[in-house]
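One structure is given below, encoded as structure tokens.
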Amino acid sequence: MHLLYKGVSINKFMIDIIIAAVLIAFGIIVLARITEAKYGDQRALLVLIIGISCILAGAWLILSAIGAVMFVLTKILGLLLLAAGIFYIGFFPDVKRYQREGMSNVGIFIGFILAIIGFYLVFLMW
């Protein structure tokens, strides 16, 4: 799809990149302004969610316009799962004041599952 504006051809790719840049800039400005404004907790949380959503939507538009979205998202998901797995294996079982000792074994078990899936997504899946 090509649009003509004053003799200049504008295609969908350019429009997606412009919209993505506007969304990301708006999200960054919203997140920067949240520290200066005197919002209550609920309103600050709403503004935080709006800012992060704008940044994520803009990043999604850029990645989908460029291509290879599933590859990048798979690697990001793999890194998140690997980090969560390492957290569960190393740091989750250390809290004995707040949970029973049997729950530590469940946390380690879930941590190994998450770490193995994350490792597979990051290093083995192409």
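Here, A, B, ... name the chains of the structure tokens in the order displayed, residue numbers run from 1 inside each chain, and ligands are numbered from 1 in the same displayed order.
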
What parts of chain A does DSSP call alpha helix (DSSP H)? I'd like the answer as an MDAnalysis selection string. chainID A and resid 12:33 41:66 69:90 101:119

Can you list, as an mmCIF file with C-alpha atoms, in the first residue's frame, every protein, DNA or RNA residue that comes within 9 Å of segment 70-73 of chain A when you count only C-alpha atoms, leaving out same-chain residues fewer than 6 positions away?
data_model
loop_
_atom_site.group_PDB
_atom_site.id
_atom_site.type_symbol
_atom_site.label_atom_id
_atom_site.label_comp_id
_atom_site.auth_asym_id
_atom_site.auth_seq_id
_atom_site.Cartn_x
_atom_site.Cartn_y
_atom_site.Cartn_z
ATOM 1 C CA LEU A 63 10.142 -5.657 15.420
ATOM 2 C CA SER A 64 7.171 -6.706 13.335
ATOM 3 C CA TRP A 126 16.990 -21.819 15.731
#

Neighbouring residues of Ala59 of chain A were defined as those with any atom within 10 Å, considering only C-alpha atoms; residues of the same chain fewer than 6 positions away were excluded. Please report them as an mmCIF file with C-alpha atoms, in the first residue's frame.
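Result went into part-v6.cif, see below:
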data_model
loop_
_atom_site.group_PDB
_atom_site.id
_atom_site.type_symbol
_atom_site.label_atom_id
_atom_site.label_comp_id
_atom_site.auth_asym_id
_atom_site.auth_seq_id
_atom_site.Cartn_x
_atom_site.Cartn_y
_atom_site.Cartn_z
ATOM 1 C CA ILE A 17 8.139 3.016 12.055
ATOM 2 C CA ALA A 20 6.356 3.077 16.735
ATOM 3 C CA ALA A 21 8.717 5.998 17.336
ATOM 4 C CA LEU A 23 4.640 5.395 20.942
ATOM 5 C CA ILE A 24 8.108 4.770 22.371
ATOM 6 C CA SER A 53 2.431 -0.472 27.341
ATOM 7 C CA ALA A 65 8.019 -4.151 10.645
#

Val122 of chain A: which residues within 6 Å, counting only C-alpha atoms, same-chain residues fewer than 2 positions away excluded, as a PDB file with C-alpha atoms, in the first residue's frame?
ATOM      1  CA  LYS A  75      15.179 -15.544  22.537  1.00  0.00           C
ATOM      2  CA  GLY A  78      14.191 -17.945  26.711  1.00  0.00           C
ATOM      3  CA  PHE A 119      18.355 -22.822  27.889  1.00  0.00           C
ATOM      4  CA  TYR A 120      16.711 -24.690  25.028  1.00  0.00           C
TER       5      TYR A 120
END

How far is it from atom CA of Leu48 of chain A to atom CA of Ile34 of chain A, in Å with one decimal?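 Taking atom CA of Leu48 of chain A as the start and atom CA of Ile34 of chain A as the end point, the length is 7.4 Å.
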
Can you tell me, as a PyMOL selection string, which residues in chain A count as strand (DSSP E) by DSSP? chain A and resi 2-5+8-11

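The neighbours of Gly27 of chain A here are the residues that come within 6 Å of it, using only C-alpha atoms and leaving out any residue fewer than 2 positions away in the same chain; they are Ile24, Ala25, Ile29, Val30, Gly51, Cys54 and Ile55 of chain A.
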
Selection export as a short mmCIF file (atom, residue, chain, number, x, y, z; two decimals), in the first residue's frame, atoms kept: N, CA and C atoms:
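Okay, result-v2.cif is ready:
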data_model
loop_
_atom_site.label_atom_id
_atom_site.label_comp_id
_atom_site.auth_asym_id
_atom_site.auth_seq_id
_atom_site.Cartn_x
_atom_site.Cartn_y
_atom_site.Cartn_z
N ILE A 24 6.97 4.93 21.47
CA ILE A 24 8.11 4.77 22.37
C ILE A 24 8.47 6.10 23.04
N ALA A 25 8.47 7.18 22.25
CA ALA A 25 8.78 8.49 22.84
C ALA A 25 7.74 8.89 23.88
N ILE A 29 8.49 9.52 27.88
CA ILE A 29 8.14 10.79 28.53
C ILE A 29 7.18 10.56 29.69
N VAL A 30 6.22 9.66 29.52
CA VAL A 30 5.28 9.35 30.60
C VAL A 30 6.03 8.77 31.80
N GLY A 51 2.61 3.87 30.30
CA GLY A 51 3.93 4.14 29.75
C GLY A 51 4.63 2.89 29.26
N CYS A 54 2.92 1.56 26.10
CA CYS A 54 3.29 2.32 24.90
C CYS A 54 4.68 1.92 24.40
N ILE A 55 5.62 1.76 25.30
CA ILE A 55 6.97 1.35 24.90
C ILE A 55 6.94 -0.04 24.29
#

Can you tell me how far atom CA of Leu61 of chain A sits from atom CA of Asp16 of chain A, in Å to one decimal? 6.3 Å

Do a neighbour search on Phe91 of chain A at 12 Å with only C-alpha atoms, toss out local chain neighbours closer than 6 positions, and write the hits as a list in words. Ala83, Ala84, Gly85, Ser104, Gly107, Ile108 and Gly111 of chain A

Coordinates-based distance that separates atom CA of Ile86 of chain A from atom CA of Phe112 of chain A (Å, one decimal):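 These atoms are spaced 7.8 Å apart.
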
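Of the residues listed (A:Phe109, A:Leu77, A:Thr35, A:Ile15), A:Phe109 shows the shortest atom-to-atom separation from Gly90 of chain A; distances use only C-alpha atoms.
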
Given only C-alpha atoms as the counted atoms, nearest of A:Leu31, A:Leu121, A:Gly102, A:Gly40 to Ile52 of chain A: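 Answer, going by the shortest atom-to-atom distance: A:Leu31.
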
Contacts of Ile110 of chain A at 9 Å or less, counting only C-alpha atoms, minus same-chain residues fewer than 3 places along, as a ChimeraX atom specification? /A:85,88-89,105-107,113-115

For C-alpha atoms, I'd like the residues from the last selection saved as a JSON list (two decimals), in the first residue's frame.
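Ended up saving to out.json:
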[["chain", "number", "residue", "atom", "x", "y", "z"],
["A", 85, "GLY", "CA", 14.90, -20.68, 36.64],
["A", 88, "TYR", "CA", 14.25, -20.32, 41.71],
["A", 89, "ILE", "CA", 17.24, -22.66, 41.92],
["A", 105, "ASN", "CA", 12.06, -28.57, 46.89],
["A", 106, "VAL", "CA", 9.11, -27.52, 44.75],
["A", 107, "GLY", "CA", 10.82, -24.20, 43.99],
["A", 113, "ILE", "CA", 12.20, -26.92, 34.54],
["A", 114, "LEU", "CA", 12.25, -23.19, 33.72],
["A", 115, "ALA", "CA", 16.04, -23.13, 33.32]]
